[in-house]
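One file, run.csv, is given below (CSV, C-alpha atoms and all ligand atoms).
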```
chain,number,residue,atom,x,y,z
A,18,MET,CA,36.8,39.9,-23.9
A,19,SER,CA,33.5,41.8,-23.9
A,20,SER,CA,31.4,41.9,-20.8
A,21,TRP,CA,28.7,39.9,-22.8
A,22,TYR,CA,31.2,37.0,-23.1
A,23,VAL,CA,32.1,37.2,-19.4
A,24,LEU,CA,28.4,37.1,-18.5
A,25,ALA,CA,27.7,34.2,-20.9
A,26,ALA,CA,30.7,32.3,-19.5
A,27,LEU,CA,29.5,32.9,-15.9
A,28,LEU,CA,25.9,31.7,-16.8
A,29,ILE,CA,27.2,28.6,-18.5
A,30,GLY,CA,29.5,27.9,-15.6
A,31,ASN,CA,26.7,28.3,-13.1
A,32,ALA,CA,24.5,26.0,-15.2
A,33,LEU,CA,27.2,23.3,-15.3
A,34,LEU,CA,27.8,23.7,-11.6
A,35,ALA,CA,24.0,23.3,-10.9
A,36,GLN,CA,23.9,20.3,-13.2
A,37,SER,CA,26.8,18.5,-11.5
A,38,THR,CA,25.3,19.3,-8.1
A,39,THR,CA,22.1,17.6,-9.1
A,40,SER,CA,23.8,14.5,-10.5
A,41,GLU,CA,26.2,14.4,-7.6
A,42,ARG,CA,23.4,14.7,-5.1
A,43,LEU,CA,21.4,12.0,-6.9
A,44,ALA,CA,24.4,9.6,-7.0
A,45,HIS,CA,25.1,10.3,-3.3
A,46,LEU,CA,21.5,9.7,-2.3
A,47,LEU,CA,21.3,6.5,-4.3
A,48,GLN,CA,24.2,5.0,-2.5
A,49,ASP,CA,22.1,4.2,0.6
A,50,LEU,CA,18.6,5.7,0.0
A,51,LEU,CA,15.8,3.5,1.1
A,52,ILE,CA,13.2,3.4,-1.7
A,53,VAL,CA,9.8,1.9,-0.7
A,54,ASP,CA,6.8,1.4,-2.9
A,55,THR,CA,3.7,0.6,-0.9
A,56,HIS,CA,1.6,-0.9,-3.6
A,57,VAL,CA,2.5,-3.1,-6.6
A,58,ASP,CA,0.1,-5.8,-7.9
A,59,THR,CA,2.4,-8.4,-9.5
A,60,ALA,CA,1.2,-11.3,-7.4
A,61,GLY,CA,-1.7,-12.3,-9.6
A,62,TYR,CA,0.6,-12.5,-12.7
A,63,VAL,CA,3.0,-14.8,-10.7
A,64,VAL,CA,0.1,-17.1,-9.9
A,65,ASP,CA,-2.0,-17.0,-13.1
A,66,GLU,CA,0.5,-16.3,-15.8
A,67,GLY,CA,3.7,-18.0,-14.7
A,68,TYR,CA,5.3,-14.5,-14.5
A,69,GLN,CA,8.8,-15.0,-13.0
A,70,LEU,CA,10.3,-12.2,-10.9
A,71,ALA,CA,13.9,-13.3,-11.8
A,72,ALA,CA,13.5,-12.6,-15.5
A,73,GLU,CA,13.5,-9.1,-17.1
A,74,HIS,CA,10.3,-8.5,-19.1
A,75,HIS,CA,9.4,-6.0,-21.7
A,76,TYR,CA,5.8,-5.9,-20.4
A,77,TYR,CA,4.3,-5.3,-17.0
A,78,GLU,CA,6.1,-3.1,-14.5
A,79,ALA,CA,8.0,-5.1,-11.8
A,80,ASP,CA,10.6,-7.8,-11.8
A,81,ILE,CA,13.9,-8.3,-9.9
A,82,PRO,CA,16.3,-6.9,-12.7
A,83,ARG,CA,14.2,-3.7,-12.9
A,84,LEU,CA,13.7,-3.4,-9.1
A,85,ARG,CA,17.5,-3.6,-8.9
A,86,ARG,CA,18.0,-0.9,-11.5
A,87,GLY,CA,15.4,1.2,-9.7
A,88,HIS,CA,17.4,0.9,-6.4
A,89,VAL,CA,14.3,-0.4,-4.7
A,90,GLY,CA,14.7,-1.3,-1.0
A,91,ALA,CA,11.2,-2.5,-0.1
A,92,ILE,CA,8.0,-3.3,-2.0
A,93,PHE,CA,4.6,-4.1,-0.7
A,94,PHE,CA,2.8,-6.6,-3.0
A,95,GLY,CA,-0.9,-6.0,-3.0
A,96,ILE,CA,-3.1,-9.2,-2.6
A,97,TYR,CA,-6.5,-8.7,-4.2
A,98,VAL,CA,-9.2,-10.9,-5.6
A,99,ALA,CA,-10.8,-9.9,-8.9
A,100,GLN,CA,-14.5,-9.1,-8.8
A,101,ASP,CA,-15.4,-12.1,-11.0
A,102,TYR,CA,-14.4,-14.6,-8.3
A,103,PRO,CA,-17.5,-15.9,-6.4
A,104,GLN,CA,-17.6,-15.0,-2.7
A,105,GLU,CA,-17.1,-18.6,-1.5
A,106,THR,CA,-13.7,-18.6,-3.2
A,107,TRP,CA,-12.3,-15.3,-1.8
A,108,VAL,CA,-10.4,-16.8,1.1
A,109,THR,CA,-8.9,-19.7,-0.9
A,110,ARG,CA,-7.9,-17.3,-3.7
A,111,THR,CA,-6.3,-14.9,-1.2
A,112,LEU,CA,-4.3,-17.8,0.4
A,113,GLU,CA,-3.2,-19.0,-3.0
A,114,LEU,CA,-2.0,-15.5,-4.0
A,115,ILE,CA,-0.1,-15.1,-0.7
A,116,ASP,CA,1.5,-18.6,-1.1
A,117,GLY,CA,2.3,-17.9,-4.8
A,118,LEU,CA,4.1,-14.7,-4.0
A,119,ARG,CA,5.9,-16.1,-0.9
A,120,GLU,CA,7.1,-19.1,-3.0
A,121,GLU,CA,8.4,-16.8,-5.7
A,122,VAL,CA,10.3,-14.8,-3.1
A,123,ARG,CA,11.7,-18.1,-1.7
A,124,ARG,CA,12.9,-19.1,-5.2
A,125,ASN,CA,14.8,-15.8,-5.5
A,126,ALA,CA,16.3,-15.7,-2.0
A,127,ASN,CA,19.6,-14.2,-3.2
A,128,ASP,CA,17.8,-11.0,-4.3
A,129,ILE,CA,14.6,-10.7,-2.3
A,130,GLU,CA,13.4,-11.6,1.2
A,131,MET,CA,10.1,-11.4,3.1
A,132,ALA,CA,9.9,-8.7,5.8
A,133,SER,CA,7.4,-8.5,8.6
A,134,THR,CA,8.6,-5.4,10.5
A,135,ALA,CA,10.3,-2.0,9.9
A,136,GLU,CA,13.5,-3.4,11.4
A,137,ASP,CA,13.3,-6.3,8.9
A,138,ILE,CA,13.2,-3.8,6.0
A,139,LEU,CA,16.3,-2.1,7.3
A,140,ARG,CA,18.2,-5.3,7.9
A,141,ILE,CA,17.3,-6.7,4.4
A,142,HIS,CA,18.2,-3.4,2.8
A,143,GLY,CA,21.5,-3.4,4.7
A,144,ASP,CA,22.2,-6.9,3.3
A,145,GLY,CA,21.8,-5.6,-0.2
A,146,LYS,CA,18.5,-7.4,-0.9
A,147,ILE,CA,14.9,-6.2,-1.7
A,148,ALA,CA,12.5,-6.5,1.2
A,149,ALA,CA,9.1,-7.9,0.2
A,150,LEU,CA,5.9,-7.2,2.2
A,151,LEU,CA,2.3,-8.0,1.8
A,152,GLY,CA,-0.8,-5.7,1.8
A,153,LEU,CA,-4.4,-7.0,1.5
A,154,GLU,CA,-6.7,-5.1,-0.8
A,155,GLY,CA,-10.3,-5.2,0.3
A,156,GLY,CA,-11.6,-5.9,3.8
A,157,GLN,CA,-14.2,-8.2,2.3
A,158,LEU,CA,-11.4,-10.8,1.9
A,159,ILE,CA,-11.5,-11.6,5.6
A,160,SER,CA,-15.1,-12.9,5.0
A,161,ASP,CA,-16.3,-11.1,8.1
A,162,SER,CA,-14.1,-13.3,10.3
A,163,LEU,CA,-11.6,-11.9,12.8
A,164,PRO,CA,-9.9,-15.3,13.0
A,165,VAL,CA,-9.2,-15.1,9.2
A,166,LEU,CA,-7.9,-11.5,9.7
A,167,ARG,CA,-5.5,-12.8,12.3
A,168,ASP,CA,-4.4,-15.7,10.1
A,169,TYR,CA,-3.6,-13.2,7.3
A,170,TYR,CA,-1.5,-11.2,9.7
A,171,ARG,CA,0.4,-14.4,10.6
A,172,LEU,CA,1.0,-15.0,6.9
A,173,GLY,CA,2.6,-11.5,6.6
A,174,ILE,CA,-0.2,-9.1,5.7
A,175,ARG,CA,0.9,-5.8,7.1
A,176,TYR,CA,-1.8,-3.5,5.8
A,177,MET,CA,-5.4,-3.9,4.7
A,178,THR,CA,-7.5,-1.4,2.6
A,179,LEU,CA,-10.9,-1.5,4.3
A,180,THR,CA,-12.6,-1.8,0.9
A,181,HIS,CA,-11.8,-2.4,-2.7
A,182,PHE,CA,-14.0,-1.0,-5.5
A,183,LYS,CA,-17.2,-2.3,-4.0
A,184,THR,CA,-18.9,-1.5,-0.6
A,185,ASN,CA,-18.6,-4.5,1.6
A,186,ASP,CA,-20.6,-5.7,4.7
A,187,TRP,CA,-19.0,-3.1,7.0
A,188,ALA,CA,-17.4,-0.3,5.1
A,189,ASP,CA,-18.3,2.0,2.1
A,190,SER,CA,-16.2,2.3,-1.0
A,191,SER,CA,-15.5,5.6,-2.8
A,192,THR,CA,-16.6,3.9,-6.1
A,193,ASP,CA,-19.9,2.3,-4.9
A,194,GLN,CA,-23.1,3.0,-3.1
A,195,ALA,CA,-22.7,4.2,0.5
A,196,VAL,CA,-24.9,2.0,2.7
A,197,HIS,CA,-23.1,2.1,6.1
A,198,ASN,CA,-22.8,5.9,6.6
A,199,GLY,CA,-19.0,5.1,6.8
A,200,LEU,CA,-18.3,2.2,9.0
A,201,THR,CA,-20.5,-0.3,10.9
A,202,GLN,CA,-19.8,-1.2,14.6
A,203,TYR,CA,-18.3,-4.4,13.2
A,204,GLY,CA,-16.0,-2.3,11.0
A,205,ARG,CA,-14.8,-0.5,14.1
A,206,GLU,CA,-14.0,-3.9,15.7
A,207,VAL,CA,-12.0,-4.9,12.6
A,208,ILE,CA,-9.9,-1.7,13.0
A,209,GLN,CA,-9.5,-2.4,16.7
A,210,GLU,CA,-8.2,-5.9,15.9
A,211,MET,CA,-5.9,-4.6,13.2
A,212,ASN,CA,-4.4,-2.1,15.8
A,213,ARG,CA,-3.9,-4.9,18.3
A,214,LEU,CA,-2.1,-7.0,15.7
A,215,GLY,CA,-0.1,-4.1,14.2
A,216,MET,CA,-1.6,-4.4,10.8
A,217,MET,CA,-1.9,-0.9,9.3
A,218,VAL,CA,-5.3,0.5,8.4
A,219,ASP,CA,-5.3,1.5,4.8
A,220,ILE,CA,-7.9,4.0,3.6
A,221,SER,CA,-7.1,3.9,-0.1
A,222,HIS,CA,-10.4,3.1,-2.0
A,223,VAL,CA,-12.8,4.0,0.9
A,224,SER,CA,-15.5,6.7,0.8
A,225,ASP,CA,-14.9,10.0,2.5
A,226,LYS,CA,-17.2,9.1,5.5
A,227,THR,CA,-15.4,5.8,5.9
A,228,PHE,CA,-12.1,7.6,5.9
A,229,TYR,CA,-13.1,10.0,8.7
A,230,ALA,CA,-14.7,7.1,10.7
A,231,ALA,CA,-11.5,5.0,10.2
A,232,VAL,CA,-9.2,7.7,11.4
A,233,GLU,CA,-11.4,8.2,14.5
A,234,ALA,CA,-11.6,4.5,15.2
A,235,SER,CA,-7.9,3.7,14.8
A,236,ARG,CA,-5.5,4.1,17.7
A,237,ALA,CA,-2.5,3.9,15.3
A,238,PRO,CA,-1.8,6.3,12.3
A,239,VAL,CA,-3.5,5.2,9.1
A,240,ILE,CA,-2.1,5.1,5.6
A,241,ALA,CA,-3.4,5.6,2.1
A,242,SER,CA,-1.1,3.0,0.3
A,243,HIS,CA,-2.0,4.2,-3.2
A,244,SER,CA,-4.0,7.4,-3.5
A,245,SER,CA,-3.6,10.7,-5.4
A,246,MET,CA,-4.8,14.3,-5.0
A,247,ARG,CA,-8.3,15.5,-5.7
A,248,ALA,CA,-7.0,19.1,-5.9
A,249,LEU,CA,-5.3,18.1,-9.1
A,250,CYS,CA,-7.6,15.3,-10.4
A,251,ASN,CA,-11.1,15.6,-8.9
A,252,ILE,CA,-12.3,12.0,-8.7
A,253,PRO,CA,-13.8,10.2,-5.6
A,254,ARG,CA,-10.9,7.7,-5.5
A,255,ASN,CA,-8.5,10.5,-4.7
A,256,MET,CA,-8.1,12.4,-1.5
A,257,SER,CA,-9.3,16.0,-0.7
A,258,ASP,CA,-7.0,18.5,1.0
A,259,GLU,CA,-9.2,18.2,4.1
A,260,MET,CA,-8.8,14.5,4.2
A,261,LEU,CA,-5.0,15.0,3.8
A,262,LYS,CA,-4.9,17.3,6.8
A,263,THR,CA,-6.9,14.9,8.9
A,264,LEU,CA,-4.6,12.0,7.9
A,265,ALA,CA,-1.5,14.0,8.7
A,266,HIS,CA,-2.9,15.3,12.0
A,267,ALA,CA,-3.2,11.6,13.1
A,268,GLY,CA,0.4,10.9,12.0
A,269,GLY,CA,-0.6,9.1,8.8
A,270,VAL,CA,1.1,9.0,5.3
A,271,VAL,CA,-0.4,9.2,1.8
A,272,PHE,CA,1.5,7.2,-0.8
A,273,ILE,CA,1.0,8.7,-4.3
A,274,ASN,CA,-0.6,6.5,-7.0
A,275,PHE,CA,0.8,6.7,-10.6
A,276,ASN,CA,-2.3,5.6,-12.5
A,277,THR,CA,-2.7,8.2,-15.3
A,278,ALA,CA,-6.5,8.1,-14.8
A,279,TYR,CA,-6.0,9.2,-11.1
A,280,LEU,CA,-3.3,11.8,-12.0
A,281,ASP,CA,-5.0,13.7,-14.8
A,282,GLU,CA,-8.6,14.8,-15.3
A,283,ASN,CA,-8.6,14.4,-19.1
A,284,ALA,CA,-7.3,10.8,-18.8
A,285,ALA,CA,-9.8,10.1,-16.0
A,286,ALA,CA,-12.7,11.3,-18.1
A,287,GLN,CA,-11.6,9.3,-21.1
A,288,PHE,CA,-10.9,6.2,-19.0
A,289,ALA,CA,-14.4,6.5,-17.5
A,290,ARG,CA,-15.9,6.3,-21.0
A,291,LEU,CA,-13.7,3.5,-22.3
A,292,HIS,CA,-13.0,1.0,-19.5
A,293,ALA,CA,-16.2,-1.0,-19.7
A,294,ALA,CA,-15.7,-1.7,-23.4
A,295,ARG,CA,-12.1,-2.6,-22.7
A,296,ASP,CA,-12.9,-5.0,-19.9
A,297,ARG,CA,-15.7,-6.6,-22.0
A,298,GLU,CA,-13.3,-7.1,-24.9
A,299,ILE,CA,-10.7,-8.7,-22.6
A,300,ALA,CA,-13.4,-11.0,-21.0
A,301,ASP,CA,-14.7,-12.0,-24.4
A,302,MET,CA,-11.2,-12.8,-25.6
A,303,LEU,CA,-10.4,-14.8,-22.5
A,304,ALA,CA,-13.7,-16.7,-22.7
A,305,VAL,CA,-12.8,-18.1,-26.1
A,306,SER,CA,-9.0,-18.5,-25.6
A,307,GLY,CA,-9.1,-21.5,-23.3
A,308,SER,CA,-5.5,-22.3,-22.3
A,309,ASN,CA,-4.0,-20.5,-25.4
A,310,PRO,CA,-0.5,-19.5,-24.1
A,311,ARG,CA,-0.8,-16.2,-26.0
A,312,ARG,CA,-3.9,-15.1,-24.2
A,313,TRP,CA,-2.1,-12.9,-21.7
A,314,GLU,CA,-0.2,-11.3,-24.5
A,315,LEU,CA,-3.5,-10.6,-26.2
A,316,LYS,CA,-4.9,-9.1,-23.0
A,317,ARG,CA,-1.9,-6.7,-22.8
A,318,SER,CA,-2.3,-5.7,-26.4
A,319,ILE,CA,-6.0,-4.8,-25.9
A,320,GLN,CA,-5.0,-2.8,-22.8
A,321,GLN,CA,-2.3,-0.9,-24.8
A,322,ARG,CA,-4.8,-0.2,-27.6
A,323,TYR,CA,-7.2,1.5,-25.1
A,324,LYS,CA,-4.3,3.2,-23.3
A,325,ALA,CA,-3.2,4.8,-26.6
A,326,GLN,CA,-6.6,6.6,-26.7
A,327,LEU,CA,-6.0,8.4,-23.4
A,328,SER,CA,-4.3,11.8,-23.1
A,329,ALA,CA,-0.6,11.6,-22.7
A,330,VAL,CA,0.5,11.9,-19.0
A,331,ASP,CA,4.1,12.0,-17.9
A,332,ILE,CA,6.3,12.0,-14.8
A,333,SER,CA,5.7,15.7,-14.2
A,334,ALA,CA,2.1,14.8,-13.2
A,335,VAL,CA,3.4,12.4,-10.5
A,336,LEU,CA,5.8,15.1,-9.3
A,337,ARG,CA,2.9,17.6,-9.1
A,338,HIS,CA,0.9,15.3,-6.9
A,339,ILE,CA,3.8,14.6,-4.6
A,340,ASP,CA,4.5,18.3,-4.4
A,341,HIS,CA,0.9,19.2,-3.7
A,342,ALA,CA,0.7,16.7,-0.9
A,343,ALA,CA,4.1,17.9,0.6
A,344,LYS,CA,3.0,21.5,0.4
A,345,THR,CA,-0.4,20.8,2.0
A,346,ILE,CA,0.7,18.5,4.8
A,347,GLY,CA,4.5,18.4,4.8
A,348,ALA,CA,7.0,16.0,3.3
A,349,ASP,CA,6.8,13.9,6.5
A,350,HIS,CA,3.4,12.6,5.4
A,351,VAL,CA,4.0,11.7,1.7
A,352,GLY,CA,5.4,8.6,0.0
A,353,ILE,CA,5.1,6.6,-3.2
A,354,GLY,CA,2.6,3.7,-3.8
A,355,SER,CA,2.7,3.4,-7.6
A,356,ASP,CA,0.0,0.8,-8.2
A,357,PHE,CA,2.3,-0.7,-10.8
A,358,ASP,CA,0.9,-3.9,-12.3
A,359,GLY,CA,-2.5,-2.9,-11.0
A,360,VAL,CA,-3.4,-0.2,-13.6
A,361,SER,CA,-3.5,-2.2,-16.8
A,362,GLY,CA,-0.4,-0.5,-18.2
A,363,MET,CA,-1.8,3.1,-17.7
A,364,VAL,CA,1.5,4.4,-16.3
A,365,PRO,CA,3.0,7.8,-17.0
A,366,ALA,CA,5.8,8.4,-19.6
A,367,GLY,CA,9.1,8.7,-17.7
A,368,VAL,CA,8.0,6.3,-14.8
A,369,GLU,CA,6.9,3.3,-16.9
A,370,ASP,CA,8.1,0.7,-14.4
A,371,VAL,CA,10.0,0.1,-11.2
A,372,SER,CA,13.4,0.8,-12.8
A,373,LYS,CA,12.5,4.5,-13.0
A,374,TYR,CA,12.3,5.5,-9.3
A,375,PRO,CA,15.6,7.4,-9.5
A,376,MET,CA,13.8,9.9,-11.7
A,377,LEU,CA,11.5,10.5,-8.8
A,378,VAL,CA,14.6,11.3,-6.7
A,379,LYS,CA,16.0,13.6,-9.3
A,380,GLY,CA,12.6,15.4,-9.8
A,381,PRO,CA,12.4,16.7,-6.2
A,382,ILE,CA,16.1,17.7,-6.3
A,383,ASP,CA,15.3,19.8,-9.4
A,384,ILE,CA,12.4,21.6,-7.7
A,385,GLY,CA,14.3,22.4,-4.5
A,386,TYR,CA,13.6,19.6,-2.0
A,387,SER,CA,16.2,18.9,0.7
A,388,ASP,CA,18.0,15.5,0.9
A,389,ALA,CA,16.1,14.9,4.2
A,390,ASP,CA,12.7,15.5,2.6
A,391,ILE,CA,13.6,13.2,-0.3
A,392,ARG,CA,14.7,10.5,2.1
A,393,ASN,CA,11.4,10.8,4.0
A,394,ILE,CA,9.2,10.7,0.9
A,395,MET,CA,11.1,7.8,-0.8
A,396,GLY,CA,11.0,5.5,2.2
A,397,GLU,CA,11.6,6.8,5.8
A,398,ASN,CA,7.9,7.9,6.2
A,399,LEU,CA,6.8,4.3,5.7
A,400,LEU,CA,9.3,3.1,8.3
A,401,ARG,CA,8.0,5.7,10.8
A,402,VAL,CA,4.3,4.9,10.3
A,403,MET,CA,4.9,1.2,10.4
A,404,ARG,CA,6.9,1.5,13.6
A,405,ALA,CA,4.1,3.6,15.1
A,406,ASN,CA,1.6,0.8,14.3
A,407,GLU,CA,4.0,-1.8,15.8
A,408,ALA,CA,4.3,0.4,19.0
A,409,VAL,CA,0.5,0.5,19.3
A,410,ALA,CA,0.3,-3.3,19.0
A,411,ARG,CA,2.9,-3.7,21.8
A,412,GLU,CA,1.1,-1.2,24.0
A,413,MET,CA,-2.2,-3.0,23.5
A,414,ALA,CA,-0.5,-6.3,24.4
A,415,GLY,CA,0.7,-4.6,27.6
A,416,LYS,CA,4.3,-4.9,26.6
B,501,ZN,ZN,-6.2,-0.5,-5.5
```

Translate the structure of the given file into structure tokens.
Amino acid sequence: MSSWYVLAALLIGNALLAQSTTSERLAHLLQDLLIVDTHVDTAGYVVDEGYQLAAEHHYYEADIPRLRRGHVGAIFFGIYVAQDYPQETWVTRTLELIDGLREEVRRNANDIEMASTAEDILRIHGDGKIAALLGLEGGQLISDSLPVLRDYYRLGIRYMTLTHFKTNDWADSSTDQAVHNGLTQYGREVIQEMNRLGMMVDISHVSDKTFYAAVEASRAPVIASHSSMRALCNIPRNMSDEMLKTLAHAGGVVFINFNTAYLDENAAAQFARLHAARDREIADMLAVSGSNPRRWELKRSIQQRYKAQLSAVDISAVLRHIDHAAKTIGADHVGIGSDFDGVSGMVPAGVEDVSKYPMLVKGPIDIGYSDADIRNIMGENLLRVMRANEAVAREMAGK
């Protein structure tokens, strides 16, 4: 045998060995890996469109069969009120969304169970079920009332983004006019009350000044439940490296958003030009559709038509954002918060829905992450930051 053949055989042998090591590591990790996604927006579809978690769908991005295939251990359902709801209906709409989601969980008790604490997540995961948690999107939904904030906590809300897309009465949004120079005094009181309750302060969506003010005001580590990296896609909705370092220094965690318009600058620029026309087309269609049962299907087809006009973005973009965050602040401060079902179908190829999380375990194996780092990114970091918030609440209660 020539030396060339020996060399070729060795190389092929090594490649096979590496391959089996990757798939073995993946299989081994998936046996008990806790996978947590901190932001999925399915609740509105459950309430408005009769979307059933028990059934597998060929549209939208989350249901129980696909969560099962994705080995998901815990999921935070985002509760938000669309901007076209008048202010006087915000609290009612929020309560109806919370109820709708909780009822849907109750109907599927063999597969999914509400969790209120980090320990609940571990217990439910140990029982072989999916833990469901709630996060509120937009501080305006408390209607400037701390009693309402406390009621939301009692109903299971475990984080709250201080703003949504619009600046509210006490905090500035990254996508609106800044009028409070960050946070008002009342905004600081809201944060104090969230700390006392053990509700995590979520800085996704807020302006830079609000971010720094929130980290300073919070006694517990804050999270960004669904944000990506400005170093790779420079838009105000993403986080700068300086913000990442401040977040990590305070013990916080950033959970990476999969919205293609937040991952890729070309897609972001194209989306900025197109989204108003898309939203108008959907609003016009819904206005003339009455109770036509096909109206949601029509909405999705309009969304897909606009999505097809954006640059193609795939799973490698998600991995680059995860890797950038981990290289900048350490794998102890990074997680995943996909924003599935909240991005009008603008999801990357290769991670189209919740069944694809194992590919986000394989990706970091391929680029050299340790099992410990992967466990932290996929779920352990959420447990740690949630426990830290629970500990602050106990401390403030004098327990
Ligand atoms: Zn959001």

* Near-ligand residues for ligand ZN 501 (chain B), threshold 9 Å, all atoms listed in the file, as a ChimeraX atom specification -> /A:56,58,95,97,154-155,178,181-182,221-222,242-244,356,359-360

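Comparing the minimum interatomic distances between Ala284 (chain A) and each of A:Gly61, A:Pro365, A:Gly380, A:Pro375, counting only C-alpha atoms, we find that A:Pro365 sits nearest.
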
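The residue set within 9 Å of Ile81 (chain A), counting all atoms listed in the file and dropping same-chain residues fewer than 6 places from it, reads Gln69, Leu70, Ala71, Ala72, Glu73, Asn125, Asp128, Ile129 and Ile147 of chain A.
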
* Interatomic distance (Å, one decimal) between CA of Asn127 (chain A) and CA of Gly173 (chain A) -> 19.8 Å

* Glu233 (chain A) surroundings by only C-alpha atoms, 10 Å radius, close-in-sequence under 6 positions cut, as a list in words ->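 My reading of the contact set: Arg205, Thr227, Thr263 and Ala267 of chain A.
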
* Could you please determine the separation between CA of Val368 (chain A) and CA of Ala148 (chain A) in Å, to one decimal place? =>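 Interatomic distance, CA of Val368 (chain A) to CA of Ala148 (chain A): 21.0 Å.
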
* Expressed in Å to a single decimal, how great is the separation between CA of Ala241 (chain A) and CA of Thr106 (chain A)? ->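 Going from CA of Ala241 (chain A) over to CA of Thr106 (chain A) covers 26.8 Å.
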
* Asked: Excluding same-chain residues fewer than 3 positions from region 396-407 of chain A, what lies within 9 Å of it counting all atoms listed in the file, as number ranges by chain?
  -> A: 50-55, 90-91, 134-136, 138-139, 175, 212-217, 236-240, 268-270, 272, 348-353, 391-393, 410-412

* Structure fact -> Between A:Pro253, A:Gly152, A:Gly87, A:Gly67, smallest distance to Glu121 (chain A) by all atoms listed in the file belongs to A:Gly67

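Each of A:Ala289, A:Leu303, A:Val271, A:Met177 was compared to Ile339 (chain A) using all atoms listed in the file, and A:Val271 turns out to be the nearest.
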
* Near Lys324 (chain A), counting all atoms listed in the file, which residues have an atom at most 12 Å away, once you skip same-chain residues fewer than 6 positions from it, shown as a ChimeraX atom specification? -> /A:276-278,284-285,287-288,291-292,295,317-318,330,360-366

* Nearest residue to Lys344 (chain A) from the set A:Asp301, A:Asp296, A:Lys262, A:Val98 (distances using only C-alpha atoms) ->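 Between A:Asp301, A:Asp296, A:Lys262, A:Val98, the residue approaching Lys344 (chain A) most closely is A:Lys262.
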
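The closest residue to Ser190 (chain A), picked from A:Met131, A:Asn255, A:Leu153, A:Ala408 and counting all atoms listed in the file, is A:Asn255.
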
* Asked: Which residues, written as a PyMOL selection string, have at least one atom at most 9 Å from Val378 (chain A), with all atoms listed in the file counted and residues fewer than 5 positions away on the same chain left out?
  -> chain A and resi 43+46-47+383+391-392+395

* To do: Between A:Met246, A:Ala99, A:Val63, A:Leu166, single out the one closest to Asp116 (chain A), counting all atoms listed in the file.
  =>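 Among the listed residues, A:Val63 lies closest to Asp116 (chain A).
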
Reconstructed N, CA and C atoms for region 123-134 of chain A, given as a PDB file, keeping the file's coordinate frame:
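rebuild_17.pdb was written with the following content:
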```
ATOM      1  N   ARG A 123      10.827 -17.056  -2.198  1.00  0.00           N
ATOM      2  CA  ARG A 123      11.700 -18.100  -1.700  1.00  0.00           C
ATOM      3  C   ARG A 123      12.642 -18.590  -2.875  1.00  0.00           C
ATOM      4  N   ARG A 124      12.105 -18.670  -4.101  1.00  0.00           N
ATOM      5  CA  ARG A 124      12.900 -19.100  -5.200  1.00  0.00           C
ATOM      6  C   ARG A 124      13.994 -18.110  -5.626  1.00  0.00           C
ATOM      7  N   ASN A 125      13.880 -16.872  -5.129  1.00  0.00           N
ATOM      8  CA  ASN A 125      14.800 -15.800  -5.500  1.00  0.00           C
ATOM      9  C   ASN A 125      15.510 -15.237  -4.270  1.00  0.00           C
ATOM     10  N   ALA A 126      15.858 -16.161  -3.343  1.00  0.00           N
ATOM     11  CA  ALA A 126      16.300 -15.700  -2.000  1.00  0.00           C
ATOM     12  C   ALA A 126      17.608 -14.911  -2.045  1.00  0.00           C
ATOM     13  N   ASN A 127      18.368 -14.994  -3.133  1.00  0.00           N
ATOM     14  CA  ASN A 127      19.600 -14.200  -3.200  1.00  0.00           C
ATOM     15  C   ASN A 127      19.288 -12.702  -3.396  1.00  0.00           C
ATOM     16  N   ASP A 128      18.111 -12.418  -3.929  1.00  0.00           N
ATOM     17  CA  ASP A 128      17.800 -11.000  -4.300  1.00  0.00           C
ATOM     18  C   ASP A 128      16.685 -10.418  -3.428  1.00  0.00           C
ATOM     19  N   ILE A 129      15.780 -11.254  -2.916  1.00  0.00           N
ATOM     20  CA  ILE A 129      14.600 -10.700  -2.300  1.00  0.00           C
ATOM     21  C   ILE A 129      14.187 -11.560  -1.086  1.00  0.00           C
ATOM     22  N   GLU A 130      13.691 -10.913  -0.041  1.00  0.00           N
ATOM     23  CA  GLU A 130      13.400 -11.600   1.200  1.00  0.00           C
ATOM     24  C   GLU A 130      12.140 -11.049   1.842  1.00  0.00           C
ATOM     25  N   MET A 131      11.298 -11.912   2.415  1.00  0.00           N
ATOM     26  CA  MET A 131      10.100 -11.400   3.100  1.00  0.00           C
ATOM     27  C   MET A 131      10.450 -10.632   4.339  1.00  0.00           C
ATOM     28  N   ALA A 132       9.749  -9.530   4.557  1.00  0.00           N
ATOM     29  CA  ALA A 132       9.900  -8.700   5.800  1.00  0.00           C
ATOM     30  C   ALA A 132       8.596  -8.625   6.488  1.00  0.00           C
ATOM     31  N   SER A 133       8.654  -8.592   7.833  1.00  0.00           N
ATOM     32  CA  SER A 133       7.400  -8.500   8.600  1.00  0.00           C
ATOM     33  C   SER A 133       7.392  -7.181   9.431  1.00  0.00           C
ATOM     34  N   THR A 134       8.550  -6.564   9.633  1.00  0.00           N
ATOM     35  CA  THR A 134       8.600  -5.400  10.500  1.00  0.00           C
ATOM     36  C   THR A 134       9.486  -4.302   9.819  1.00  0.00           C
TER      37      THR A 134
END
```
